[in-house]
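Visitor: Here you go, this is structure_35.cif (mmCIF, C-alpha atoms).
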```
data_target
#
loop_
_atom_site.label_atom_id
_atom_site.label_comp_id
_atom_site.auth_asym_id
_atom_site.auth_seq_id
_atom_site.Cartn_x
_atom_site.Cartn_y
_atom_site.Cartn_z
CA MET A 1 -36.11 84.97 -19.32
CA PHE A 2 -32.85 86.75 -18.99
CA ASN A 3 -33.06 90.29 -20.34
CA LEU A 4 -30.16 92.74 -20.13
CA ASN A 5 -30.59 96.40 -20.54
CA LEU A 6 -28.13 98.59 -22.43
CA ILE A 7 -26.21 99.77 -19.35
CA ASP A 8 -25.61 96.20 -18.21
CA LYS A 9 -24.35 95.25 -21.70
CA ILE A 10 -21.86 98.16 -21.65
CA ARG A 11 -20.59 97.11 -18.20
CA ILE A 12 -20.06 93.54 -19.37
CA SER A 13 -18.20 94.68 -22.50
CA GLU A 14 -16.04 96.97 -20.32
CA LEU A 15 -15.19 94.02 -18.09
CA ASN A 16 -14.28 91.97 -21.16
CA LEU A 17 -12.03 94.79 -22.44
CA THR A 18 -10.42 95.15 -19.01
CA ASP A 19 -9.77 91.42 -18.85
CA LYS A 20 -8.30 91.45 -22.35
CA TYR A 21 -6.14 94.49 -21.48
CA LEU A 22 -4.84 92.78 -18.34
CA LYS A 23 -4.05 89.60 -20.26
CA VAL A 24 -2.16 91.54 -22.95
CA LYS A 25 -0.31 93.57 -20.32
CA GLU A 26 0.65 90.38 -18.47
CA PHE A 27 1.83 88.76 -21.70
CA ILE A 28 3.95 91.78 -22.65
CA SER A 29 5.49 92.12 -19.20
CA GLU A 30 6.40 88.44 -19.24
CA TYR A 31 7.89 88.32 -22.75
CA TYR A 32 9.02 91.91 -23.52
CA TRP A 33 12.68 90.88 -23.54
CA ILE A 34 12.11 88.79 -26.67
CA ALA A 35 11.41 91.96 -28.63
CA GLY A 36 14.87 93.27 -27.65
CA ILE A 37 16.77 90.31 -29.07
CA PRO A 38 16.77 91.51 -32.72
CA PHE A 39 18.01 94.94 -31.64
CA PHE A 40 20.77 93.37 -29.54
CA ILE A 41 21.86 91.10 -32.41
CA PHE A 42 21.81 94.05 -34.84
CA ALA A 43 23.99 96.11 -32.46
CA ILE A 44 26.53 93.30 -32.04
CA ILE A 45 26.77 92.78 -35.80
CA GLY A 46 27.28 96.53 -36.29
CA VAL A 47 30.11 96.66 -33.74
CA MET A 48 31.79 93.60 -35.26
CA GLU A 49 31.56 95.04 -38.79
CA SER A 50 33.02 98.34 -37.60
CA LYS A 51 35.97 96.63 -35.87
CA GLU A 52 36.66 94.47 -38.92
CA ASP A 53 36.46 97.51 -41.23
CA ILE A 54 38.97 99.38 -39.07
CA LYS A 55 41.24 96.34 -38.98
CA GLN A 56 41.26 95.95 -42.78
CA ASN A 57 41.40 99.65 -43.74
CA LYS A 58 43.20 101.20 -40.76
CA THR A 59 44.45 104.77 -40.90
CA LEU A 60 45.75 106.76 -37.94
CA THR A 61 45.16 110.39 -37.08
CA TYR A 62 44.73 112.47 -33.93
CA GLY A 63 41.48 113.48 -32.31
CA MET A 64 40.34 115.70 -29.47
CA VAL A 65 38.13 114.65 -26.56
CA TYR A 66 35.16 117.01 -26.16
CA GLY A 67 32.89 115.27 -23.66
CA SER A 68 32.24 112.19 -21.56
CA THR A 69 29.42 110.37 -19.81
CA SER A 70 29.51 107.73 -17.13
CA ILE A 71 28.40 104.28 -18.25
CA TYR A 72 27.33 102.79 -14.95
CA LYS A 73 28.92 104.21 -11.82
CA LYS A 74 30.86 107.34 -11.09
CA TYR A 75 34.23 105.54 -10.91
CA SER A 76 33.59 102.98 -13.63
CA LYS A 77 34.11 103.13 -17.39
CA ARG A 78 33.13 106.22 -19.33
CA ASN A 79 32.10 106.94 -22.91
CA TYR A 80 34.39 109.65 -24.26
CA LYS A 81 33.19 111.73 -27.18
CA TYR A 82 35.84 112.86 -29.65
CA GLU A 83 36.26 114.57 -32.98
CA PHE A 84 38.86 114.25 -35.72
CA TYR A 85 39.37 115.44 -39.28
CA ASN A 86 39.99 113.43 -42.42
CA ASN A 87 40.48 115.16 -45.78
CA GLY A 88 39.09 118.39 -44.32
CA LYS A 89 35.87 116.79 -43.10
CA LYS A 90 35.01 116.60 -39.40
CA TYR A 91 34.00 113.24 -37.89
CA THR A 92 32.85 112.41 -34.38
CA GLY A 93 32.81 109.21 -32.39
CA THR A 94 32.69 107.69 -28.94
CA SER A 95 35.12 105.29 -27.28
CA THR A 96 35.01 103.61 -23.92
CA ALA A 97 37.80 103.75 -21.35
CA TYR A 98 38.15 103.52 -17.61
CA SER A 99 37.48 106.75 -15.81
CA SER A 100 40.68 108.76 -15.46
CA LYS A 101 41.57 112.22 -14.21
CA ASN A 102 44.07 112.44 -17.09
CA ILE A 103 41.45 112.16 -19.84
CA ARG A 104 39.85 115.61 -20.07
CA ASN A 105 38.11 117.76 -22.64
CA GLY A 106 40.64 119.24 -25.03
CA ASN A 107 43.16 116.37 -24.74
CA PHE A 108 44.48 114.79 -27.94
CA TYR A 109 44.89 111.05 -28.56
CA LYS A 110 45.44 108.79 -31.55
CA VAL A 111 42.36 107.70 -33.48
CA GLU A 112 42.17 104.58 -35.62
CA PHE A 113 39.60 104.77 -38.37
CA SER A 114 38.62 103.05 -41.59
CA ASP A 115 39.94 104.79 -44.67
CA LYS A 116 36.87 103.59 -46.59
CA ASN A 117 34.35 104.67 -43.92
CA PRO A 118 35.73 107.20 -41.39
CA GLU A 119 32.50 106.85 -39.37
CA HIS A 120 34.07 103.59 -38.13
CA SER A 121 36.62 104.84 -35.62
CA ARG A 122 37.98 104.38 -32.11
CA MET A 123 40.19 106.50 -29.93
CA ILE A 124 43.32 104.99 -28.35
CA PHE A 125 43.89 106.38 -24.85
CA GLU A 126 47.39 104.93 -24.29
CA SER A 127 49.30 108.20 -24.77
CA GLU A 128 48.29 111.85 -24.78
CA TYR A 129 49.59 114.19 -27.48
CA GLU A 130 50.10 117.94 -27.76
CA ARG A 131 49.13 119.86 -30.88
CA LYS A 132 51.87 122.10 -32.31
CA ILE A 133 50.78 124.58 -34.94
CA GLY A 134 53.44 125.88 -37.32
CA THR A 135 53.03 129.36 -38.75
CA ASN A 136 54.96 131.46 -41.24
CA LYS A 137 56.07 135.08 -40.82
CA LYS A 138 52.57 136.32 -41.64
CA ASP A 139 51.05 134.08 -38.91
CA LYS A 140 49.45 131.88 -41.52
CA VAL A 141 49.12 128.25 -40.38
CA THR A 142 51.53 126.15 -42.40
CA ASP A 143 51.52 122.84 -40.54
CA THR A 144 50.04 121.02 -37.57
CA ILE A 145 51.96 118.26 -35.85
CA PHE A 146 51.23 116.19 -32.77
CA VAL A 147 53.97 115.49 -30.24
CA LEU A 148 53.80 112.98 -27.42
CA LYS A 149 52.93 114.93 -24.29
CA GLY A 150 55.88 114.94 -21.94
CA GLY A 151 58.20 114.67 -24.93
CA LYS A 152 59.07 118.35 -24.49
CA PHE A 153 60.49 117.67 -21.02
CA LYS A 154 62.34 114.61 -22.32
CA ASN A 155 63.96 116.64 -25.13
CA GLU A 156 64.97 119.43 -22.72
CA MET A 157 66.61 116.89 -20.40
CA LYS A 158 68.44 115.31 -23.34
CA ASP A 159 69.76 118.74 -24.36
CA LEU A 160 70.95 119.44 -20.79
CA ILE A 161 72.73 116.08 -20.59
CA GLU A 162 74.45 116.69 -23.92
CA LYS A 163 75.46 120.20 -22.79
CA TYR A 164 77.16 118.97 -19.63
CA GLU A 165 78.47 115.69 -21.01
CA PHE A 166 82.20 115.22 -20.48
CA LYS A 167 84.37 113.96 -23.27
CA THR A 168 86.55 111.08 -22.09
CA ASP A 169 89.70 112.43 -23.70
CA SER A 170 89.20 115.88 -22.13
CA ILE A 171 89.67 114.48 -18.61
CA LYS A 172 93.30 114.31 -17.48
CA ASN A 173 94.54 111.94 -14.81
#
```
As structure tokens, how would this structure be written, given the file I've shared?

Guide:
Amino acid sequence: MFNLNLIDKIRISELNLTDKYLKVKEFISEYYWIAGIPFFIFAIIGVMESKEDIKQNKTLTYGMVYGSTSIYKKYSKRNYKYEFYNNGKKYTGTSTAYSSKNIRNGNFYKVEFSDKNPEHSRMIFESEYERKIGTNKKDKVTDTIFVLKGGKFKNEMKDLIEKYEFKTDSIKN
């Protein structure tokens, strides 16, 4: 008759556990991507809701870039981190743009955000702006405005042209 001692029984149960472990591991490695589908769908729905919220409740302000990370390659798109203020409260966000030497920490750009939920926002990298801080005689901040960067040069050139512009009736033949 077939009689197994305790050590042999333990070895057989270990082999059964190992076989079961290998089968589970094989199953997971073959079908792990299925577990990611709900997360992917949830992320897409979240992005679509955010875009729709911004579209329906859009408000514009200006925000400052404070960091960036590469998405895939060094010269590919980047995620730019930014901050902006709405009603005295600070909000942060990330927006994607192609890598550019012109987009640096401390630069200001327009930010579109939802008036109902300012957490839904995106930065628009089309034009860079300069922050101008107005102060009174006691150096107390009275106003902050944002001017299109390069606009200063444009205004100076306009002033020079107006200064040296000839009046047609002042020229004699």

Visitor: Quick one: apply the PyMOL selection byres ((chain A and resi 101-115) around 8) to the file and drop the selected residues here as a ChimeraX atom specification.

Guide: /A:53-67,84,99-100,116-131

Visitor: Using 6 Å of padding on each side, determine the axis-aligned box around all atoms of segment 35-50 of chain A present in the file and give its centre and edge lengths in Å to one decimal, as lines of an AutoDock Vina configuration file.

Guide:
```
center_x = 22.2
center_y = 94.3
center_z = -33.2
size_x = 33.6
size_y = 20.0
size_z = 23.1
```

Visitor: What gap, in Å, lies between atom CA of Ile45 of chain A and atom CA of Ser29 of chain A?

Guide: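 So the answer is 27.0 Å.
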
Visitor: Can you work out which one of A:Lys51, A:Tyr31, A:Tyr98, A:Lys89 has the shortest atom-to-atom distance to Ile71 of chain A, counting only C-alpha atoms?

Guide: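 Nearest candidate to Ile71 of chain A out of A:Lys51, A:Tyr31, A:Tyr98, A:Lys89: A:Tyr98.
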
Visitor: Between atom CA of Tyr82 of chain A and atom CA of Ile44 of chain A, measure the distance and give it in Å to one decimal.

Guide: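 If I compute the distance from atom CA of Tyr82 of chain A to atom CA of Ile44 of chain A, I get 21.8 Å.
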
Visitor: Tell me, in Å to one decimal, how far atom CA of Ile145 of chain A is from atom CA of Ile133 of chain A.

Guide: 6.5 Å
